[in-house]
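Report on one structure; see the data block that follows.
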Number of protein chains: 2
Amino acid sequence: MSVLGLVGCGLLGGSFALAARQQKCFSTVLGRDRSRSVEETAKRVGVIDDAWSSGTSVDAVCIAVPTQSIAQTVESLTSEIPSDTPIFDVGSVKASVLRELDDVPSNFIPCHPIAGSHTSGPEAARSDLFHGSVCVISPTSSTNESLLGLVEEWWRGVGSRVITMPANAHDETVALTSHLPHLVSAAAVEMLMNRDQSTADLLGSGFKDFSRIAAGDATMWRSIFVDNLDNIRIGFQDLAARIERMLALAESDPAELERKLQRIATFRDSINGE
Amino acid sequence: MSVLGLVGCGLLGGSFALAARQQKCFSTVLGRDRSRSVEETAKRVGVIDDAWSSGTSVDAVCIAVPTQSIAQTVESLTSEIPSDTPIFDVGSVKASVLRELDDVPSNFIPCHPIAGSHTSGPEAARSDLFHGSVCVISPTSSTNESLLGLVEEWWRGVGSRVITMPANAHDETVALTSHLPHLVSAAAVEMLMNRDQSTADLLGSGFKDFSRIAAGDATMWRSIFVDNLDNIRIGFQDLAARIERMLALAESDPAELERKLQRIATFRDSINGE
């Protein structure tokens, strides 16, 4: 019988727990959450088998807390967990976590499954959340290779394709593919608050798609913005310059704007899975 | 037997034609398109019954061409069509069209159905495209009231809720709810072009939702950007200021950023239809 210790029982951690148990990577999941009610809900809906009390030994630990708390969680676990027990996280930022750790323990495997939802909490957890997804792993020079292999196997078990990427490259890329889009979408939604009913009447399916991510968990996103701020800032400068360029083309050279929009539309169409 | 003349046989015009015939607003649809192949496809897939040759009389005209060509189309139709035959459009910008017309004919009813898709062309037309949608009508002081009533009835017939809004207010609002989001989404997609495979690996469902609109018809969107440029520029200044403010809060007051993100997420959740 192998036991997973889960720290943070929300959407991502809960989904990993459900999937990993279903795939028999673990037989039992013990969980803890800084919110007592989230922990109780996780137990009630079957995401965890029981609360994970301090001192109970486990065979692996999944950390699914906001990025800002990951390093601290790793450090407190190292006093509780043997150094050959794998610890992995699911955070959307990697470099800041590694920077915060004085020594990166060899049993800590930094992971980021590219999966999620605009819903959150243990009730939103789904055993198929990782089906067909990609899981990025960012090993460091101190990472224990055999523990890395185990963690990769679990991610493949729950349906992910594992790719390896250095933490900095990962953070710079997800700033563009995820963090900046979230920020922009949130700001676009904010613009519509406090307007009258006619604005709500004019929201079509395009805006609903565009803004769906803005409904995501505020605590998690606050932490991501803080932890990947430099990359997001650089990304926004680039984005703003591209927007200004398109606005200028609308005035000076609409035919060139159309060609650009056509290239963009063709590229967007090529992205797998609509 | 009543006949609709359709100018522009793409997604929107084609969907109106399919729906209006299905709902028996018209028995026959005759169509024309500046692209011969679009016109032929529209006939082949049953969006139009036949080509609309100059001189053949119709009972109403639906103009579904890029916004830049609407005024010119209205003007050329007034020499072909009696002044008591209703002409209506489906364009996403209203004020520039009215400005371009020397005299707004009393039989021209400016309409904007809030419906669409990232797909385009007559093959993408669907008779249910307007089900549950809103259609904005922007009458002018010269609009013929009884023709306005007829056009409203057809929109209700195809499944729209009709609301009335002055052209300027409409254009300012859709700049925020549709045109600016499209521009931002397109620029965000452009940022990812010419990057390596690992970027494509990291695109999750959030980015796919956020960027779906960027696959829209380039000719249509070029025309919208040109015709509503001032409102989009003003909107982008506001959006950029909100983004800068959130980035500043990530540095100076993350707790306030979280409260802001929470208010935004709650508001986004309240938008009907996810």
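Each chain of the structure tokens is named A, B, ... in the order shown, its residues numbered from 1; ligands are numbered from 1 in display order.
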_Show me, as a ChimeraX atom specification, the residues of chain B whose atoms get within 6 Å of chain A, using only C-alpha atoms for the distance check._
/B:114,177,187,190,203-204,206,209-210,213-215,218,222,226,242-243,250,258,261-262,264-265,268-269
I'd like the superposed chain A, fitted onto chain B by least squares over all Cα atoms in order, as a compact mmCIF listing (two decimals) with C-alpha atoms, in the first residue's frame.
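Result written to out.txt:
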```txt
# COMPACT_ATOMS: atom_id res chain seq x y z
CA MET A 1 -44.16 34.89 -52.11
CA SER A 2 -41.66 37.31 -50.55
CA VAL A 3 -38.06 37.57 -51.62
CA LEU A 4 -34.97 38.58 -49.64
CA GLY A 5 -32.04 40.04 -51.52
CA LEU A 6 -28.76 39.21 -49.77
CA VAL A 7 -25.61 41.22 -50.44
CA GLY A 8 -22.65 39.28 -49.04
CA CYS A 9 -23.12 35.54 -48.60
CA GLY A 10 -20.70 34.84 -45.72
CA LEU A 11 -21.34 33.56 -42.20
CA LEU A 12 -23.67 36.29 -40.93
CA GLY A 13 -25.65 36.97 -44.09
CA GLY A 14 -25.85 33.25 -44.84
CA SER A 15 -27.07 32.47 -41.35
CA PHE A 16 -29.74 35.18 -41.56
CA ALA A 17 -30.85 33.79 -44.92
CA LEU A 18 -31.10 30.22 -43.62
CA ALA A 19 -32.94 31.27 -40.45
CA ALA A 20 -35.30 33.77 -42.09
CA ARG A 21 -36.37 31.24 -44.72
CA GLN A 22 -36.78 28.51 -42.11
CA GLN A 23 -38.95 30.90 -40.04
CA LYS A 24 -40.93 31.81 -43.18
CA CYS A 25 -40.01 35.51 -42.96
CA PHE A 26 -39.14 35.04 -46.67
CA SER A 27 -39.86 32.28 -49.12
CA THR A 28 -36.88 32.89 -51.39
CA VAL A 29 -33.37 34.28 -50.96
CA LEU A 30 -31.48 35.72 -53.91
CA GLY A 31 -27.84 36.54 -53.23
CA ARG A 32 -24.81 38.29 -54.59
CA ASP A 33 -21.22 38.39 -53.39
CA ARG A 34 -18.18 40.25 -54.74
CA SER A 35 -16.49 36.84 -54.73
CA ARG A 36 -17.93 34.61 -57.46
CA SER A 37 -16.79 31.47 -55.65
CA VAL A 38 -18.48 32.51 -52.37
CA GLU A 39 -21.69 33.16 -54.34
CA GLU A 40 -21.46 29.73 -55.97
CA THR A 41 -20.75 28.01 -52.67
CA ALA A 42 -23.71 29.82 -51.06
CA LYS A 43 -25.97 28.45 -53.79
CA ARG A 44 -24.50 24.95 -53.60
CA VAL A 45 -24.96 24.69 -49.81
CA GLY A 46 -28.50 26.13 -50.00
CA VAL A 47 -27.83 29.45 -48.28
CA ILE A 48 -29.29 31.24 -51.30
CA ASP A 49 -31.78 29.93 -53.84
CA ASP A 50 -30.16 31.70 -56.73
CA ALA A 51 -27.92 34.55 -57.77
CA TRP A 52 -29.54 37.96 -57.49
CA SER A 53 -29.18 39.63 -60.84
CA SER A 54 -29.48 43.34 -61.13
CA GLY A 55 -33.05 44.39 -61.94
CA THR A 56 -34.78 41.46 -60.21
CA SER A 57 -37.11 42.97 -57.62
CA VAL A 58 -36.96 41.89 -53.98
CA ASP A 59 -39.03 42.68 -50.87
CA ALA A 60 -36.14 43.46 -48.55
CA VAL A 61 -32.35 43.62 -48.67
CA CYS A 62 -29.89 42.33 -46.08
CA ILE A 63 -26.38 43.81 -46.44
CA ALA A 64 -23.75 41.52 -44.94
CA VAL A 65 -20.49 42.95 -46.23
CA PRO A 66 -17.47 44.35 -44.33
CA THR A 67 -18.38 47.59 -42.54
CA GLN A 68 -16.24 49.69 -44.88
CA SER A 69 -18.42 48.76 -47.85
CA ILE A 70 -21.83 49.16 -46.25
CA ALA A 71 -22.45 52.86 -47.02
CA GLN A 72 -21.40 52.40 -50.63
CA THR A 73 -23.65 49.35 -50.94
CA VAL A 74 -26.60 51.28 -49.50
CA GLU A 75 -26.01 54.11 -51.97
CA SER A 76 -25.83 51.86 -55.00
CA LEU A 77 -28.95 49.98 -53.87
CA THR A 78 -31.03 53.16 -53.60
CA SER A 79 -30.87 53.51 -57.38
CA GLU A 80 -31.99 49.88 -57.80
CA ILE A 81 -34.58 49.48 -55.06
CA PRO A 82 -37.80 51.44 -54.38
CA SER A 83 -37.58 53.78 -51.38
CA ASP A 84 -40.20 51.81 -49.46
CA THR A 85 -38.23 48.53 -49.59
CA PRO A 86 -36.41 47.95 -46.29
CA ILE A 87 -32.62 47.67 -46.42
CA PHE A 88 -30.78 46.56 -43.29
CA ASP A 89 -27.18 45.62 -42.51
CA VAL A 90 -25.44 43.37 -39.98
CA GLY A 91 -22.26 45.41 -39.46
CA SER A 92 -20.34 45.68 -36.19
CA VAL A 93 -19.82 49.45 -36.54
CA LYS A 94 -22.68 51.88 -37.00
CA ALA A 95 -21.57 55.54 -36.74
CA SER A 96 -18.99 55.47 -39.55
CA VAL A 97 -21.56 53.99 -41.93
CA LEU A 98 -24.10 56.72 -41.13
CA ARG A 99 -21.39 59.41 -41.43
CA GLU A 100 -20.42 58.17 -44.87
CA LEU A 101 -23.96 58.38 -46.23
CA ASP A 102 -24.74 61.86 -47.54
CA ASP A 103 -28.39 61.39 -46.71
CA VAL A 104 -29.39 58.39 -44.65
CA PRO A 105 -32.28 56.88 -46.65
CA SER A 106 -35.42 56.42 -44.56
CA ASN A 107 -35.61 52.76 -45.65
CA PHE A 108 -32.11 51.93 -44.32
CA ILE A 109 -32.31 50.28 -40.87
CA PRO A 110 -28.86 49.97 -39.23
CA CYS A 111 -28.63 46.62 -37.41
CA HIS A 112 -25.94 44.72 -35.55
CA PRO A 113 -26.74 41.17 -34.45
CA ILE A 114 -24.36 40.22 -31.60
CA ALA A 115 -23.56 36.81 -33.00
CA GLY A 116 -20.74 35.33 -34.91
CA SER A 117 -18.04 32.74 -34.82
CA HIS A 118 -14.34 32.33 -35.41
CA THR A 119 -15.35 30.42 -38.55
CA SER A 120 -16.46 32.22 -41.70
CA GLY A 121 -17.95 31.78 -45.17
CA PRO A 122 -21.28 30.38 -46.41
CA GLU A 123 -20.37 26.84 -45.34
CA ALA A 124 -20.16 28.03 -41.73
CA ALA A 125 -23.68 29.55 -41.89
CA ARG A 126 -26.15 28.07 -39.38
CA SER A 127 -29.87 28.68 -39.04
CA ASP A 128 -29.53 28.80 -35.22
CA LEU A 129 -26.73 31.38 -35.11
CA PHE A 130 -29.06 34.07 -33.71
CA HIS A 131 -30.92 31.90 -31.20
CA GLY A 132 -30.78 33.67 -27.85
CA SER A 133 -28.72 36.54 -29.25
CA VAL A 134 -29.24 40.27 -29.04
CA CYS A 135 -29.72 42.41 -32.15
CA VAL A 136 -28.92 46.10 -31.73
CA ILE A 137 -30.79 48.49 -33.99
CA SER A 138 -29.64 52.13 -34.27
CA PRO A 139 -32.43 54.09 -35.95
CA THR A 140 -31.77 57.66 -37.05
CA SER A 141 -34.12 60.64 -37.06
CA SER A 142 -35.02 59.84 -40.66
CA THR A 143 -35.78 56.13 -40.15
CA ASN A 144 -39.16 54.97 -41.46
CA GLU A 145 -40.99 53.61 -38.40
CA SER A 146 -43.08 51.00 -40.18
CA LEU A 147 -40.06 49.56 -42.03
CA LEU A 148 -38.20 49.56 -38.69
CA GLY A 149 -41.06 47.50 -37.26
CA LEU A 150 -40.80 44.96 -40.08
CA VAL A 151 -37.06 44.52 -39.65
CA GLU A 152 -37.43 44.11 -35.88
CA GLU A 153 -40.00 41.40 -36.53
CA TRP A 154 -37.58 39.46 -38.76
CA TRP A 155 -34.83 39.63 -36.15
CA ARG A 156 -37.23 38.37 -33.51
CA GLY A 157 -38.26 35.67 -35.97
CA VAL A 158 -34.72 34.33 -36.25
CA GLY A 159 -34.36 34.23 -32.45
CA SER A 160 -32.89 37.61 -31.46
CA ARG A 161 -33.92 39.97 -28.72
CA VAL A 162 -34.00 43.45 -30.26
CA ILE A 163 -32.60 46.43 -28.40
CA THR A 164 -32.32 50.00 -29.63
CA MET A 165 -29.21 52.09 -29.08
CA PRO A 166 -27.84 55.27 -30.68
CA ALA A 167 -25.03 54.54 -33.16
CA ASN A 168 -22.33 56.35 -31.14
CA ALA A 169 -23.16 54.59 -27.87
CA HIS A 170 -23.23 51.28 -29.72
CA ASP A 171 -19.81 51.84 -31.28
CA GLU A 172 -18.22 52.97 -28.02
CA THR A 173 -19.58 49.90 -26.20
CA VAL A 174 -18.66 47.27 -28.80
CA ALA A 175 -15.15 48.74 -28.93
CA LEU A 176 -14.80 47.45 -25.36
CA THR A 177 -16.86 44.26 -25.56
CA SER A 178 -15.64 43.02 -28.93
CA HIS A 179 -13.21 45.09 -31.00
CA LEU A 180 -10.51 45.70 -28.39
CA PRO A 181 -10.63 42.09 -27.13
CA HIS A 182 -10.15 40.93 -30.71
CA LEU A 183 -7.16 43.23 -31.21
CA VAL A 184 -5.54 42.17 -27.94
CA SER A 185 -6.14 38.51 -28.63
CA ALA A 186 -4.63 38.83 -32.12
CA ALA A 187 -1.54 40.61 -30.75
CA ALA A 188 -1.12 37.92 -28.07
CA VAL A 189 -1.23 35.22 -30.74
CA GLU A 190 1.26 37.16 -32.87
CA MET A 191 3.72 37.12 -29.96
CA LEU A 192 3.80 33.33 -30.08
CA MET A 193 4.48 33.04 -33.81
CA ASN A 194 8.05 32.12 -34.75
CA ARG A 195 8.78 30.61 -31.37
CA ASP A 196 9.89 27.01 -30.97
CA GLN A 197 7.83 23.89 -30.35
CA SER A 198 8.07 24.15 -26.56
CA THR A 199 5.86 27.25 -26.69
CA ALA A 200 3.17 25.32 -28.55
CA ASP A 201 3.49 22.54 -25.96
CA LEU A 202 2.65 25.02 -23.23
CA LEU A 203 -0.65 26.28 -24.68
CA GLY A 204 -3.45 25.23 -22.36
CA SER A 205 -7.21 25.48 -22.62
CA GLY A 206 -7.11 28.98 -21.12
CA PHE A 207 -5.06 30.37 -23.98
CA LYS A 208 -7.20 28.53 -26.50
CA ASP A 209 -10.34 30.17 -25.13
CA PHE A 210 -8.65 33.57 -24.88
CA SER A 211 -7.35 33.46 -28.45
CA ARG A 212 -10.22 31.76 -30.29
CA ILE A 213 -11.54 35.09 -31.60
CA ALA A 214 -8.17 35.80 -33.25
CA ALA A 215 -9.04 33.19 -35.89
CA GLY A 216 -11.87 35.41 -37.20
CA ASP A 217 -12.17 36.67 -40.77
CA ALA A 218 -9.28 39.09 -41.48
CA THR A 219 -11.14 41.20 -44.06
CA MET A 220 -14.06 41.79 -41.74
CA TRP A 221 -11.84 42.67 -38.79
CA ARG A 222 -9.59 45.00 -40.77
CA SER A 223 -12.69 46.91 -41.72
CA ILE A 224 -13.96 47.05 -38.12
CA PHE A 225 -10.61 48.31 -36.80
CA VAL A 226 -10.46 51.06 -39.42
CA ASP A 227 -14.09 52.09 -38.91
CA ASN A 228 -14.07 52.18 -35.11
CA LEU A 229 -10.44 53.20 -34.59
CA ASP A 230 -10.98 56.17 -32.26
CA ASN A 231 -13.10 54.19 -29.81
CA ILE A 232 -10.66 51.27 -29.87
CA ARG A 233 -7.71 53.62 -29.20
CA ILE A 234 -9.48 55.17 -26.22
CA GLY A 235 -10.37 51.71 -24.96
CA PHE A 236 -6.77 50.53 -25.25
CA GLN A 237 -5.50 53.50 -23.25
CA ASP A 238 -7.91 52.57 -20.48
CA LEU A 239 -7.01 48.88 -20.69
CA ALA A 240 -3.26 49.57 -20.60
CA ALA A 241 -3.67 51.82 -17.56
CA ARG A 242 -5.58 49.06 -15.75
CA ILE A 243 -2.90 46.50 -16.62
CA GLU A 244 -0.13 48.85 -15.40
CA ARG A 245 -2.08 49.39 -12.20
CA MET A 246 -2.34 45.64 -11.57
CA LEU A 247 1.39 45.18 -12.26
CA ALA A 248 2.15 47.99 -9.81
CA LEU A 249 -0.11 46.37 -7.18
CA ALA A 250 1.70 43.04 -7.64
CA GLU A 251 4.78 44.87 -6.44
CA SER A 252 3.36 47.25 -3.84
CA ASP A 253 0.18 45.70 -2.47
CA PRO A 254 -0.50 42.07 -3.46
CA ALA A 255 -3.41 41.81 -1.02
CA GLU A 256 -5.18 44.66 -2.82
CA LEU A 257 -4.40 42.98 -6.16
CA GLU A 258 -6.04 39.81 -4.87
CA ARG A 259 -9.17 41.70 -3.78
CA LYS A 260 -9.34 43.31 -7.21
CA LEU A 261 -8.92 39.94 -8.96
CA GLN A 262 -11.63 38.53 -6.73
CA ARG A 263 -14.08 41.30 -7.66
CA ILE A 264 -13.26 40.75 -11.34
CA ALA A 265 -13.68 36.97 -11.08
CA THR A 266 -17.03 37.40 -9.33
CA PHE A 267 -18.22 39.82 -12.01
CA ARG A 268 -17.03 37.50 -14.81
CA ASP A 269 -18.86 34.61 -13.17
CA SER A 270 -22.04 36.67 -13.23
CA ILE A 271 -21.95 36.99 -17.03
CA ASN A 272 -24.71 34.86 -18.36
CA GLY A 273 -23.77 31.70 -20.23
CA GLU A 274 -20.15 31.16 -19.02
```
Per-residue DSSP, range 56-266 of chain A, filtered to strand (DSSP E or B), as a PDB file with N, CA and C atoms, in the first residue's frame:
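Writing the result to states_24.pdb gives the following:
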```
ATOM      1  N   ALA A  60       5.060   9.755  -0.963  1.00  0.00           N
ATOM      2  CA  ALA A  60       5.354  10.877  -1.867  1.00  0.00           C
ATOM      3  C   ALA A  60       4.485  12.035  -1.422  1.00  0.00           C
ATOM      4  N   VAL A  61       4.919  13.261  -1.776  1.00  0.00           N
ATOM      5  CA  VAL A  61       4.122  14.437  -1.428  1.00  0.00           C
ATOM      6  C   VAL A  61       3.884  15.277  -2.682  1.00  0.00           C
ATOM      7  N   CYS A  62       2.621  15.638  -2.890  1.00  0.00           N
ATOM      8  CA  CYS A  62       2.248  16.577  -3.951  1.00  0.00           C
ATOM      9  C   CYS A  62       1.882  17.903  -3.295  1.00  0.00           C
ATOM     10  N   ILE A  63       2.602  18.970  -3.686  1.00  0.00           N
ATOM     11  CA  ILE A  63       2.325  20.305  -3.135  1.00  0.00           C
ATOM     12  C   ILE A  63       1.490  21.077  -4.150  1.00  0.00           C
ATOM     13  N   ILE A  87       9.081  14.747  -3.412  1.00  0.00           N
ATOM     14  CA  ILE A  87       8.162  15.864  -3.204  1.00  0.00           C
ATOM     15  C   ILE A  87       8.057  16.582  -4.546  1.00  0.00           C
ATOM     16  N   PHE A  88       6.855  16.797  -5.026  1.00  0.00           N
ATOM     17  CA  PHE A  88       6.718  17.557  -6.288  1.00  0.00           C
ATOM     18  C   PHE A  88       5.583  18.556  -6.142  1.00  0.00           C
ATOM     19  N   ASP A  89       5.654  19.621  -6.955  1.00  0.00           N
ATOM     20  CA  ASP A  89       4.616  20.657  -6.874  1.00  0.00           C
ATOM     21  C   ASP A  89       3.853  20.717  -8.198  1.00  0.00           C
ATOM     22  N   PHE A 108      13.169  17.175  -4.280  1.00  0.00           N
ATOM     23  CA  PHE A 108      12.109  18.083  -4.742  1.00  0.00           C
ATOM     24  C   PHE A 108      12.142  18.157  -6.270  1.00  0.00           C
ATOM     25  N   ILE A 109      11.029  17.750  -6.896  1.00  0.00           N
ATOM     26  CA  ILE A 109      10.928  17.719  -8.365  1.00  0.00           C
ATOM     27  C   ILE A 109       9.936  18.811  -8.784  1.00  0.00           C
ATOM     28  N   CYS A 111       7.387  20.662 -10.832  1.00  0.00           N
ATOM     29  CA  CYS A 111       6.478  20.260 -11.921  1.00  0.00           C
ATOM     30  C   CYS A 111       5.451  21.353 -12.197  1.00  0.00           C
ATOM     31  N   HIS A 112       5.012  21.439 -13.437  1.00  0.00           N
ATOM     32  CA  HIS A 112       3.893  22.315 -13.775  1.00  0.00           C
ATOM     33  C   HIS A 112       3.010  21.647 -14.828  1.00  0.00           C
ATOM     34  N   PRO A 113       1.917  21.014 -14.377  1.00  0.00           N
ATOM     35  CA  PRO A 113       0.974  20.451 -15.345  1.00  0.00           C
ATOM     36  C   PRO A 113       0.199  21.586 -16.006  1.00  0.00           C
ATOM     37  N   ILE A 114       0.197  21.606 -17.348  1.00  0.00           N
ATOM     38  CA  ILE A 114      -0.535  22.657 -18.086  1.00  0.00           C
ATOM     39  C   ILE A 114      -1.993  22.215 -18.178  1.00  0.00           C
ATOM     40  N   VAL A 134       0.019  18.492 -21.094  1.00  0.00           N
ATOM     41  CA  VAL A 134       1.476  18.440 -21.009  1.00  0.00           C
ATOM     42  C   VAL A 134       1.873  18.749 -19.576  1.00  0.00           C
ATOM     43  N   CYS A 135       2.844  18.020 -19.018  1.00  0.00           N
ATOM     44  CA  CYS A 135       3.390  18.382 -17.713  1.00  0.00           C
ATOM     45  C   CYS A 135       4.864  18.761 -17.900  1.00  0.00           C
ATOM     46  N   VAL A 136       5.179  20.014 -17.532  1.00  0.00           N
ATOM     47  CA  VAL A 136       6.563  20.476 -17.629  1.00  0.00           C
ATOM     48  C   VAL A 136       7.286  20.132 -16.337  1.00  0.00           C
ATOM     49  N   ILE A 137       8.446  19.546 -16.444  1.00  0.00           N
ATOM     50  CA  ILE A 137       9.277  19.313 -15.264  1.00  0.00           C
ATOM     51  C   ILE A 137      10.580  20.073 -15.459  1.00  0.00           C
ATOM     52  N   ARG A 161       1.661  14.192 -21.017  1.00  0.00           N
ATOM     53  CA  ARG A 161       2.921  14.029 -21.735  1.00  0.00           C
ATOM     54  C   ARG A 161       3.940  14.885 -20.990  1.00  0.00           C
ATOM     55  N   VAL A 162       5.069  14.273 -20.615  1.00  0.00           N
ATOM     56  CA  VAL A 162       6.054  14.992 -19.801  1.00  0.00           C
ATOM     57  C   VAL A 162       7.100  15.638 -20.696  1.00  0.00           C
ATOM     58  N   ILE A 163       7.337  16.927 -20.511  1.00  0.00           N
ATOM     59  CA  ILE A 163       8.471  17.556 -21.187  1.00  0.00           C
ATOM     60  C   ILE A 163       9.348  18.233 -20.136  1.00  0.00           C
ATOM     61  N   THR A 164      10.629  18.348 -20.456  1.00  0.00           N
ATOM     62  CA  THR A 164      11.586  18.925 -19.521  1.00  0.00           C
ATOM     63  C   THR A 164      12.034  20.275 -20.045  1.00  0.00           C
TER      64      THR A 164
END
```
_Taking the DSSP secondary structure from the backbone, can you list the residues of range 30-127 of chain A that are helix (DSSP H, G or I), as a ChimeraX atom specification?_
/A:36-44,67-78,95-100,122-124
Expected file contents, prior selection, C-alpha atoms, as an mmCIF file, in the first residue's frame:
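New file selection_32.cif:
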```
data_model
loop_
_atom_site.group_PDB
_atom_site.id
_atom_site.type_symbol
_atom_site.label_atom_id
_atom_site.label_comp_id
_atom_site.auth_asym_id
_atom_site.auth_seq_id
_atom_site.Cartn_x
_atom_site.Cartn_y
_atom_site.Cartn_z
ATOM 1 C CA ARG A 36 -10.165 23.641 7.366
ATOM 2 C CA SER A 37 -13.356 23.810 5.300
ATOM 3 C CA VAL A 38 -11.506 22.995 2.039
ATOM 4 C CA GLU A 39 -9.906 20.001 3.803
ATOM 5 C CA GLU A 40 -13.307 18.821 5.037
ATOM 6 C CA THR A 41 -14.893 19.266 1.627
ATOM 7 C CA ALA A 42 -12.018 17.342 0.010
ATOM 8 C CA LYS A 43 -12.690 14.442 2.364
ATOM 9 C CA ARG A 44 -16.459 14.603 1.881
ATOM 10 C CA THR A 67 3.263 29.530 -5.914
ATOM 11 C CA GLN A 68 4.250 31.973 -3.174
ATOM 12 C CA SER A 69 3.931 29.280 -0.521
ATOM 13 C CA ILE A 70 5.663 26.433 -2.335
ATOM 14 C CA ALA A 71 9.265 27.075 -1.185
ATOM 15 C CA GLN A 72 8.165 27.461 2.417
ATOM 16 C CA THR A 73 6.117 24.260 2.185
ATOM 17 C CA VAL A 74 9.097 22.370 0.755
ATOM 18 C CA GLU A 75 11.312 23.622 3.578
ATOM 19 C CA SER A 76 8.904 22.648 6.324
ATOM 20 C CA LEU A 77 8.382 19.217 4.733
ATOM 21 C CA THR A 78 12.109 18.434 4.679
ATOM 22 C CA ALA A 95 12.272 30.026 -10.976
ATOM 23 C CA SER A 96 11.044 32.071 -7.992
ATOM 24 C CA VAL A 97 10.403 28.887 -6.022
ATOM 25 C CA LEU A 98 13.920 27.584 -6.697
ATOM 26 C CA ARG A 99 15.414 31.007 -5.866
ATOM 27 C CA GLU A 100 13.641 31.074 -2.524
ATOM 28 C CA PRO A 122 -11.988 20.337 -4.334
ATOM 29 C CA GLU A 123 -15.520 20.065 -5.736
ATOM 30 C CA ALA A 124 -14.196 21.096 -9.154
#
```
